[in-house]
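What follows is a set of notes on a single structure, which appears directly below.
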Amino acid sequence: MAAEDTASTRLGAGRQHLRPLKRRGLVLLRLTAIVLAVLLFCEFLIYYLVIFRCSWPAVKTPADAGGLGTPEPVLRAMFLADTHLLGAVRGHWLDKLRREWQMERAFQTALWLLQPEVVFILGDVFDEGKWSSSQAWADDVGRFWKIFRHPPHVQLRAVAGNHDIGFHYQMNTYKIKRFEKVFNPERLFSWKGINFCVPGTQLPADSTGGPWLISCPCLSFVMVNSVALEGDGCDICSGAEAELLEISHRLNCSREQEHRPQECGDRQRLPASAPILLQHFPLYRRNDANCSGEDAAPPDEKYTPFKERYDALSQEASRKLLWWLRPRLVLSGHTHSACEVLHGAGVLEVSVPSFSWRNRNNPSFIMHQVAWKTAVSCLFLDDH
C-alpha cells in the first residue's frame, strides 16, 4: 500500500513538472510566430502597403478636353538613380545582402503594382565600376539583373555615371564599351508597336560614349554620357559632342522640315516634338538651396556650393545641351536628393533621388506618364 502511494506521488509530481514545460513550449512557439510575422511584414508586406498608395498621374490631352476622339496612347516610365550596387572592394557581404534585398523588394513590388512600360536608371548603377576587374564587373552585372529582373515587355535602359565608368580622368574606352554592352546592346528595338532607336545607323555604339537617342513617332529620349562633357577636347569628349551636334541637326530638321526641307536632305527624321534629356550629372546650378520637399537634401547640405564638372555639369556644357537639344524636360541623378530647377526659358530639370537605402533613409523613384501622340508630359515624384 505504501509502495502504491509512493508511485502515485511520483506520477503526480511528474505531471506537475510537465505543465511548466508545456507552458514554456507554448511561449516559445508564440514568440517564434511573432518574430516570423514581424519579419514577413517588415521585409515583404510593407513594400506592398507603401507602394500601393502610389498611382500614375492623369495626363490631360486634347481628346480628354473635348470629349471626342479615341484616347491617345500613353507611355508609363519609371526613373531611378544612383542604385550604387556594392562591389568586391568596399562592399561588406552583410551590407550587400541588406541593401540589395531592400532594392530588390522595392523594385519588384513597384514593377508588379505599377506596371511601368519602360524603366530608366540615371547613372551610378554600380558603386565600383570605375575600378572593378573583369570578373568583379561580371559578378556585379549578374547581381544587378537578379535585383532588377523584369518581364520581356518592360524595357530597362541606363545612362553611365561616374561610378560606372569613372570621372573624366578615370574614364576610358574599355569602361564605356563594357557598360554599353550591358545596357545598350541593340541598335533598334520595338515595344508595343513603337520603335525606339538610337541616332542613325551611321552612329554605332563606339568608344566615344556619346548620347543615345530613343524615340517613338512623337517622343524622343536623349540619353547622354554626361561624364564625357568635360569640354577639354579629349577624344571621347569630342566624339560625344559631335554626336550631340548630329542629334541636334536631326531634331532641327524635324522641327523645320516644312520651312527648310532642302537643308536636311536625306537625313533621317526624328519626332518634331522637343526631346526629354536623360543624364547622370545635373545641369549647372550653384547648390540645392532652392530645393524643397522631404526628398530634398538635408538643411546642412543645401547651401554647399556645387563644383563644376564634379557635382554638376559646367555652365558651358549646360548651355550647349539646352541650346543644341532644346529639351522640354531634363532628368538627372548624382546628388542623391530630389530637386526641381527651371533653366533658361523655363526648361524644367528634375533631379531624381537615390534608390539605395545606403545613400538615404527614404529612397525614391519618379513616375512619369506621357501621351506620346501629342507629347504631353506629367510627372509624379514618389516619396516612397
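In the C-alpha cells, the first chain shown is A, the next is B, and so on; residue numbers restart at 1 for each chain, and ligands run from 1 in the order shown.
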
Residues of region 218-335 of chain A at most 10 Å from region 75-84 of chain A: nearest atom pair and distance in Å, only C-alpha atoms, as CSV:
residue,atom,partner,partner_atom,distance
A:Leu219,CA,A:Leu75,CA,9.6
A:Leu278,CA,A:Phe79,CA,9.7
A:Gln279,CA,A:Ala81,CA,9.9
A:His280,CA,A:Ala81,CA,8.0
A:Leu331,CA,A:Phe79,CA,8.5
A:Ser332,CA,A:Ala81,CA,7.8
A:Gly333,CA,A:Ala81,CA,5.4
A:His334,CA,A:Asp82,CA,6.5
A:Thr335,CA,A:Asp82,CA,8.7

Per residue of region 226-249 of chain A within 10 Å of region 167-186 of chain A, which atom pair is closest and at what distance in Å (one decimal), using only C-alpha atoms, listed by chain and increasing number, as a tab-separated table?
residue	atom	partner	partner_atom	distance
A:Ser226	CA	A:His168	CA	9.7
A:Val227	CA	A:His168	CA	6.0
A:Ala228	CA	A:His168	CA	6.5
A:Leu229	CA	A:His168	CA	8.5
A:Glu230	CA	A:His168	CA	6.8
A:Asp232	CA	A:His168	CA	9.9
A:Cys234	CA	A:His168	CA	9.5
A:Asp235	CA	A:Thr173	CA	9.8
A:Ile236	CA	A:Thr173	CA	7.7
A:Cys237	CA	A:His168	CA	9.0

For this session: Tell me, in Å to one decimal, how far CA of Gly129 (chain A) is from CA of Gly87 (chain A).
Result: 8.0 Å

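In terms of minimum interatomic distance to Asn162 (chain A), A:Ala312 ranks closest within A:Ile247, A:Ala312, A:Leu322, A:Ala317, counting only C-alpha atoms.
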
So which residues touch Ala88 (chain A) within 12 Å, counting only C-alpha atoms, skipping near sequence neighbours fewer than 2 positions away, as a PDB file with all heavy atoms, in the first residue's frame?
ATOM      1  N   LEU A  85      25.168  49.594 -56.570  1.00  0.00           N
ATOM      2  CA  LEU A  85      25.381  48.214 -56.137  1.00  0.00           C
ATOM      3  C   LEU A  85      26.825  48.057 -55.683  1.00  0.00           C
ATOM      4  O   LEU A  85      27.763  48.368 -56.418  1.00  0.00           O
ATOM      5  CB  LEU A  85      25.078  47.236 -57.275  1.00  0.00           C
ATOM      6  CG  LEU A  85      23.667  46.653 -57.293  1.00  0.00           C
ATOM      7  CD1 LEU A  85      22.652  47.732 -57.640  1.00  0.00           C
ATOM      8  CD2 LEU A  85      23.575  45.524 -58.298  1.00  0.00           C
ATOM      9  N   LEU A  86      27.003  47.569 -54.460  1.00  0.00           N
ATOM     10  CA  LEU A  86      28.348  47.466 -53.891  1.00  0.00           C
ATOM     11  C   LEU A  86      29.179  46.427 -54.623  1.00  0.00           C
ATOM     12  O   LEU A  86      28.652  45.437 -55.151  1.00  0.00           O
ATOM     13  CB  LEU A  86      28.253  47.117 -52.412  1.00  0.00           C
ATOM     14  CG  LEU A  86      27.627  48.208 -51.529  1.00  0.00           C
ATOM     15  CD1 LEU A  86      27.425  47.685 -50.116  1.00  0.00           C
ATOM     16  CD2 LEU A  86      28.487  49.448 -51.514  1.00  0.00           C
ATOM     17  N   ARG A  90      34.721  47.552 -51.574  1.00  0.00           N
ATOM     18  CA  ARG A  90      34.139  48.303 -50.459  1.00  0.00           C
ATOM     19  C   ARG A  90      32.849  47.687 -49.924  1.00  0.00           C
ATOM     20  O   ARG A  90      32.263  48.211 -48.975  1.00  0.00           O
ATOM     21  CB  ARG A  90      33.857  49.742 -50.891  1.00  0.00           C
ATOM     22  CG  ARG A  90      35.110  50.497 -51.307  1.00  0.00           C
ATOM     23  CD  ARG A  90      34.889  51.986 -51.341  1.00  0.00           C
ATOM     24  NE  ARG A  90      33.769  52.384 -52.186  1.00  0.00           N
ATOM     25  CZ  ARG A  90      33.474  53.654 -52.454  1.00  0.00           C
ATOM     26  NH1 ARG A  90      34.199  54.621 -51.934  1.00  0.00           N
ATOM     27  NH2 ARG A  90      32.452  53.951 -53.225  1.00  0.00           N
ATOM     28  N   GLY A  91      32.406  46.616 -50.514  1.00  0.00           N
ATOM     29  CA  GLY A  91      31.114  46.058 -50.131  1.00  0.00           C
ATOM     30  C   GLY A  91      31.219  44.907 -49.149  1.00  0.00           C
ATOM     31  O   GLY A  91      31.650  43.806 -49.518  1.00  0.00           O
ATOM     32  N   HIS A  92      30.867  45.148 -47.889  1.00  0.00           N
ATOM     33  CA  HIS A  92      30.793  44.070 -46.905  1.00  0.00           C
ATOM     34  C   HIS A  92      29.607  43.167 -47.249  1.00  0.00           C
ATOM     35  O   HIS A  92      28.548  43.644 -47.653  1.00  0.00           O
ATOM     36  CB  HIS A  92      30.629  44.659 -45.505  1.00  0.00           C
ATOM     37  CG  HIS A  92      30.726  43.655 -44.410  1.00  0.00           C
ATOM     38  ND1 HIS A  92      29.644  42.912 -43.982  1.00  0.00           N
ATOM     39  CD2 HIS A  92      31.783  43.246 -43.662  1.00  0.00           C
ATOM     40  CE1 HIS A  92      30.020  42.108 -43.007  1.00  0.00           C
ATOM     41  NE2 HIS A  92      31.312  42.295 -42.787  1.00  0.00           N
ATOM     42  N   TRP A  93      29.755  41.880 -47.063  1.00  0.00           N
ATOM     43  CA  TRP A  93      28.725  40.933 -47.512  1.00  0.00           C
ATOM     44  C   TRP A  93      27.378  41.181 -46.831  1.00  0.00           C
ATOM     45  O   TRP A  93      26.322  41.055 -47.450  1.00  0.00           O
ATOM     46  CB  TRP A  93      29.185  39.494 -47.264  1.00  0.00           C
ATOM     47  CG  TRP A  93      29.269  39.099 -45.812  1.00  0.00           C
ATOM     48  CD1 TRP A  93      30.345  39.182 -44.979  1.00  0.00           C
ATOM     49  CD2 TRP A  93      28.195  38.569 -45.014  1.00  0.00           C
ATOM     50  NE1 TRP A  93      30.030  38.740 -43.722  1.00  0.00           N
ATOM     51  CE2 TRP A  93      28.720  38.352 -43.708  1.00  0.00           C
ATOM     52  CE3 TRP A  93      26.861  38.243 -45.257  1.00  0.00           C
ATOM     53  CZ2 TRP A  93      27.948  37.830 -42.681  1.00  0.00           C
ATOM     54  CZ3 TRP A  93      26.102  37.731 -44.220  1.00  0.00           C
ATOM     55  CH2 TRP A  93      26.637  37.531 -42.954  1.00  0.00           C
ATOM     56  N   ASP A  95      26.291  44.110 -45.630  1.00  0.00           N
ATOM     57  CA  ASP A  95      25.763  45.351 -46.189  1.00  0.00           C
ATOM     58  C   ASP A  95      25.148  45.090 -47.566  1.00  0.00           C
ATOM     59  O   ASP A  95      24.058  45.582 -47.888  1.00  0.00           O
ATOM     60  CB  ASP A  95      26.881  46.387 -46.296  1.00  0.00           C
ATOM     61  CG  ASP A  95      26.343  47.803 -46.462  1.00  0.00           C
ATOM     62  OD1 ASP A  95      25.126  47.996 -46.317  1.00  0.00           O
ATOM     63  OD2 ASP A  95      27.148  48.714 -46.738  1.00  0.00           O
ATOM     64  N   LYS A  96      25.842  44.310 -48.378  1.00  0.00           N
ATOM     65  CA  LYS A  96      25.311  43.942 -49.699  1.00  0.00           C
ATOM     66  C   LYS A  96      23.974  43.220 -49.566  1.00  0.00           C
ATOM     67  O   LYS A  96      22.994  43.550 -50.244  1.00  0.00           O
ATOM     68  CB  LYS A  96      26.289  43.013 -50.429  1.00  0.00           C
ATOM     69  CG  LYS A  96      27.485  43.668 -51.071  1.00  0.00           C
ATOM     70  CD  LYS A  96      28.259  42.604 -51.824  1.00  0.00           C
ATOM     71  CE  LYS A  96      29.546  43.145 -52.386  1.00  0.00           C
ATOM     72  NZ  LYS A  96      30.310  42.094 -53.084  1.00  0.00           N
ATOM     73  N   PHE A 126      26.357  51.001 -60.571  1.00  0.00           N
ATOM     74  CA  PHE A 126      27.297  50.253 -59.731  1.00  0.00           C
ATOM     75  C   PHE A 126      28.131  51.229 -58.908  1.00  0.00           C
ATOM     76  O   PHE A 126      28.298  52.396 -59.279  1.00  0.00           O
ATOM     77  CB  PHE A 126      28.204  49.375 -60.596  1.00  0.00           C
ATOM     78  CG  PHE A 126      27.451  48.457 -61.503  1.00  0.00           C
ATOM     79  CD1 PHE A 126      27.315  48.746 -62.857  1.00  0.00           C
ATOM     80  CD2 PHE A 126      26.861  47.305 -61.023  1.00  0.00           C
ATOM     81  CE1 PHE A 126      26.613  47.908 -63.708  1.00  0.00           C
ATOM     82  CE2 PHE A 126      26.152  46.451 -61.861  1.00  0.00           C
ATOM     83  CZ  PHE A 126      26.029  46.754 -63.201  1.00  0.00           C
ATOM     84  N   ASP A 127      28.660  50.744 -57.821  1.00  0.00           N
ATOM     85  CA  ASP A 127      29.474  51.600 -56.961  1.00  0.00           C
ATOM     86  C   ASP A 127      30.946  51.560 -57.348  1.00  0.00           C
ATOM     87  O   ASP A 127      31.670  52.534 -57.151  1.00  0.00           O
ATOM     88  CB  ASP A 127      29.309  51.170 -55.496  1.00  0.00           C
ATOM     89  CG  ASP A 127      29.866  52.199 -54.530  1.00  0.00           C
ATOM     90  OD1 ASP A 127      29.363  53.333 -54.528  1.00  0.00           O
ATOM     91  OD2 ASP A 127      30.808  51.864 -53.776  1.00  0.00           O
ATOM     92  N   GLU A 128      31.401  50.437 -57.908  1.00  0.00           N
ATOM     93  CA  GLU A 128      32.834  50.272 -58.156  1.00  0.00           C
ATOM     94  C   GLU A 128      33.161  49.981 -59.612  1.00  0.00           C
ATOM     95  O   GLU A 128      34.224  49.434 -59.912  1.00  0.00           O
ATOM     96  CB  GLU A 128      33.375  49.147 -57.262  1.00  0.00           C
ATOM     97  CG  GLU A 128      33.201  49.427 -55.788  1.00  0.00           C
ATOM     98  CD  GLU A 128      33.726  48.305 -54.899  1.00  0.00           C
ATOM     99  OE1 GLU A 128      34.455  47.428 -55.425  1.00  0.00           O
ATOM    100  OE2 GLU A 128      33.413  48.293 -53.695  1.00  0.00           O
ATOM    101  N   GLY A 129      32.257  50.359 -60.532  1.00  0.00           N
ATOM    102  CA  GLY A 129      32.537  50.132 -61.942  1.00  0.00           C
ATOM    103  C   GLY A 129      33.759  50.883 -62.439  1.00  0.00           C
ATOM    104  O   GLY A 129      34.406  50.481 -63.403  1.00  0.00           O
ATOM    105  N   TRP A 131      36.635  51.050 -61.136  1.00  0.00           N
ATOM    106  CA  TRP A 131      37.906  50.346 -60.947  1.00  0.00           C
ATOM    107  C   TRP A 131      37.761  48.821 -60.901  1.00  0.00           C
ATOM    108  O   TRP A 131      38.724  48.098 -60.688  1.00  0.00           O
ATOM    109  CB  TRP A 131      38.588  50.826 -59.666  1.00  0.00           C
ATOM    110  CG  TRP A 131      37.831  50.591 -58.387  1.00  0.00           C
ATOM    111  CD1 TRP A 131      37.228  49.445 -57.963  1.00  0.00           C
ATOM    112  CD2 TRP A 131      37.605  51.553 -57.352  1.00  0.00           C
ATOM    113  NE1 TRP A 131      36.626  49.617 -56.734  1.00  0.00           N
ATOM    114  CE2 TRP A 131      36.847  50.902 -56.323  1.00  0.00           C
ATOM    115  CE3 TRP A 131      37.956  52.882 -57.168  1.00  0.00           C
ATOM    116  CZ2 TRP A 131      36.452  51.546 -55.163  1.00  0.00           C
ATOM    117  CZ3 TRP A 131      37.567  53.521 -56.004  1.00  0.00           C
ATOM    118  CH2 TRP A 131      36.820  52.866 -55.025  1.00  0.00           C
ATOM    119  N   SER A 132      36.584  48.282 -61.064  1.00  0.00           N
ATOM    120  CA  SER A 132      36.387  46.841 -60.905  1.00  0.00           C
ATOM    121  C   SER A 132      37.064  46.051 -62.028  1.00  0.00           C
ATOM    122  O   SER A 132      37.123  46.487 -63.181  1.00  0.00           O
ATOM    123  CB  SER A 132      34.897  46.505 -60.859  1.00  0.00           C
ATOM    124  OG  SER A 132      34.257  46.903 -62.051  1.00  0.00           O
ATOM    125  N   SER A 133      37.548  44.868 -61.674  1.00  0.00           N
ATOM    126  CA  SER A 133      38.147  43.970 -62.648  1.00  0.00           C
ATOM    127  C   SER A 133      37.065  43.344 -63.521  1.00  0.00           C
ATOM    128  O   SER A 133      35.865  43.492 -63.246  1.00  0.00           O
ATOM    129  CB  SER A 133      38.926  42.868 -61.930  1.00  0.00           C
ATOM    130  OG  SER A 133      38.029  42.065 -61.165  1.00  0.00           O
ATOM    131  N   SER A 134      37.481  42.627 -64.543  1.00  0.00           N
ATOM    132  CA  SER A 134      36.514  41.984 -65.433  1.00  0.00           C
ATOM    133  C   SER A 134      35.636  40.999 -64.687  1.00  0.00           C
ATOM    134  O   SER A 134      34.419  40.936 -64.902  1.00  0.00           O
ATOM    135  CB  SER A 134      37.242  41.268 -66.576  1.00  0.00           C
ATOM    136  OG  SER A 134      37.972  42.190 -67.351  1.00  0.00           O
ATOM    137  N   GLN A 135      36.240  40.213 -63.783  1.00  0.00           N
ATOM    138  CA  GLN A 135      35.469  39.229 -63.020  1.00  0.00           C
ATOM    139  C   GLN A 135      34.526  39.915 -62.034  1.00  0.00           C
ATOM    140  O   GLN A 135      33.356  39.531 -61.893  1.00  0.00           O
ATOM    141  CB  GLN A 135      36.415  38.286 -62.269  1.00  0.00           C
ATOM    142  CG  GLN A 135      35.697  37.177 -61.508  1.00  0.00           C
ATOM    143  CD  GLN A 135      34.824  36.321 -62.412  1.00  0.00           C
ATOM    144  OE1 GLN A 135      35.283  35.818 -63.441  1.00  0.00           O
ATOM    145  NE2 GLN A 135      33.558  36.137 -62.043  1.00  0.00           N
ATOM    146  N   ALA A 136      35.026  40.947 -61.344  1.00  0.00           N
ATOM    147  CA  ALA A 136      34.177  41.676 -60.401  1.00  0.00           C
ATOM    148  C   ALA A 136      33.020  42.354 -61.134  1.00  0.00           C
ATOM    149  O   ALA A 136      31.891  42.380 -60.636  1.00  0.00           O
ATOM    150  CB  ALA A 136      35.007  42.700 -59.636  1.00  0.00           C
ATOM    151  N   TRP A 137      33.302  42.891 -62.318  1.00  0.00           N
ATOM    152  CA  TRP A 137      32.252  43.528 -63.119  1.00  0.00           C
ATOM    153  C   TRP A 137      31.187  42.499 -63.505  1.00  0.00           C
ATOM    154  O   TRP A 137      29.989  42.769 -63.402  1.00  0.00           O
ATOM    155  CB  TRP A 137      32.854  44.170 -64.353  1.00  0.00           C
ATOM    156  CG  TRP A 137      31.861  44.717 -65.333  1.00  0.00           C
ATOM    157  CD1 TRP A 137      31.378  44.097 -66.449  1.00  0.00           C
ATOM    158  CD2 TRP A 137      31.197  45.987 -65.273  1.00  0.00           C
ATOM    159  NE1 TRP A 137      30.474  44.906 -67.109  1.00  0.00           N
ATOM    160  CE2 TRP A 137      30.339  46.070 -66.401  1.00  0.00           C
ATOM    161  CE3 TRP A 137      31.246  47.056 -64.386  1.00  0.00           C
ATOM    162  CZ2 TRP A 137      29.539  47.188 -66.649  1.00  0.00           C
ATOM    163  CZ3 TRP A 137      30.456  48.173 -64.631  1.00  0.00           C
ATOM    164  CH2 TRP A 137      29.611  48.220 -65.753  1.00  0.00           C
ATOM    165  N   ALA A 138      31.620  41.332 -63.941  1.00  0.00           N
ATOM    166  CA  ALA A 138      30.670  40.287 -64.333  1.00  0.00           C
ATOM    167  C   ALA A 138      29.807  39.864 -63.142  1.00  0.00           C
ATOM    168  O   ALA A 138      28.594  39.649 -63.281  1.00  0.00           O
ATOM    169  CB  ALA A 138      31.424  39.089 -64.904  1.00  0.00           C
ATOM    170  N   ASP A 139      30.417  39.765 -61.958  1.00  0.00           N
ATOM    171  CA  ASP A 139      29.652  39.410 -60.758  1.00  0.00           C
ATOM    172  C   ASP A 139      28.626  40.493 -60.425  1.00  0.00           C
ATOM    173  O   ASP A 139      27.473  40.194 -60.092  1.00  0.00           O
ATOM    174  CB  ASP A 139      30.600  39.211 -59.573  1.00  0.00           C
ATOM    175  CG  ASP A 139      31.500  38.000 -59.745  1.00  0.00           C
ATOM    176  OD1 ASP A 139      31.163  37.124 -60.576  1.00  0.00           O
ATOM    177  OD2 ASP A 139      32.544  37.937 -59.061  1.00  0.00           O
ATOM    178  N   ASP A 140      29.045  41.751 -60.533  1.00  0.00           N
ATOM    179  CA  ASP A 140      28.132  42.859 -60.228  1.00  0.00           C
ATOM    180  C   ASP A 140      26.968  42.902 -61.217  1.00  0.00           C
ATOM    181  O   ASP A 140      25.821  43.142 -60.831  1.00  0.00           O
ATOM    182  CB  ASP A 140      28.884  44.194 -60.259  1.00  0.00           C
ATOM    183  CG  ASP A 140      29.895  44.314 -59.130  1.00  0.00           C
ATOM    184  OD1 ASP A 140      29.833  43.506 -58.188  1.00  0.00           O
ATOM    185  OD2 ASP A 140      30.755  45.225 -59.197  1.00  0.00           O
TER     186      ASP A 140
END

Quick one: residues within 10 Å of Asn362 (chain A), only C-alpha atoms, excluding same-chain residues fewer than 5 positions away - as a PDB file with N, CA and C atoms, in the first residue's frame?
ATOM      1  N   GLU A 294      10.383  66.552 -48.798  1.00  0.00           N
ATOM      2  CA  GLU A 294      11.029  65.569 -47.934  1.00  0.00           C
ATOM      3  C   GLU A 294      12.128  64.783 -48.622  1.00  0.00           C
ATOM      4  N   ASP A 295      12.167  64.807 -49.963  1.00  0.00           N
ATOM      5  CA  ASP A 295      13.228  64.114 -50.686  1.00  0.00           C
ATOM      6  C   ASP A 295      14.396  65.031 -51.016  1.00  0.00           C
ATOM      7  N   SER A 337      19.610  63.433 -53.975  1.00  0.00           N
ATOM      8  CA  SER A 337      18.463  64.129 -53.412  1.00  0.00           C
ATOM      9  C   SER A 337      17.603  64.694 -54.530  1.00  0.00           C
ATOM     10  N   PRO A 353      16.114  61.388 -56.693  1.00  0.00           N
ATOM     11  CA  PRO A 353      16.858  60.939 -55.506  1.00  0.00           C
ATOM     12  C   PRO A 353      17.344  59.506 -55.655  1.00  0.00           C
ATOM     13  N   SER A 354      18.296  59.157 -54.825  1.00  0.00           N
ATOM     14  CA  SER A 354      18.882  57.813 -54.882  1.00  0.00           C
ATOM     15  C   SER A 354      17.859  56.753 -54.523  1.00  0.00           C
ATOM     16  N   PHE A 355      18.003  55.591 -55.137  1.00  0.00           N
ATOM     17  CA  PHE A 355      17.112  54.461 -54.877  1.00  0.00           C
ATOM     18  C   PHE A 355      17.715  53.491 -53.860  1.00  0.00           C
ATOM     19  N   SER A 356      18.854  53.860 -53.280  1.00  0.00           N
ATOM     20  CA  SER A 356      19.537  52.963 -52.354  1.00  0.00           C
ATOM     21  C   SER A 356      19.387  53.431 -50.915  1.00  0.00           C
ATOM     22  N   TRP A 357      19.052  52.493 -50.014  1.00  0.00           N
ATOM     23  CA  TRP A 357      18.973  52.804 -48.588  1.00  0.00           C
ATOM     24  C   TRP A 357      20.343  53.140 -48.017  1.00  0.00           C
ATOM     25  N   ASP A 383       7.396  59.537 -53.072  1.00  0.00           N
ATOM     26  CA  ASP A 383       8.208  59.730 -51.871  1.00  0.00           C
ATOM     27  C   ASP A 383       8.382  58.458 -51.070  1.00  0.00           C
ATOM     28  N   HIS A 384       8.258  57.322 -51.743  1.00  0.00           N
ATOM     29  CA  HIS A 384       8.410  56.060 -51.024  1.00  0.00           C
ATOM     30  C   HIS A 384       9.570  55.267 -51.576  1.00  0.00           C
TER      31      HIS A 384
END

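Between CA of Gly166 (chain A) and CA of Phe306 (chain A) lies a distance of 18.7 Å.
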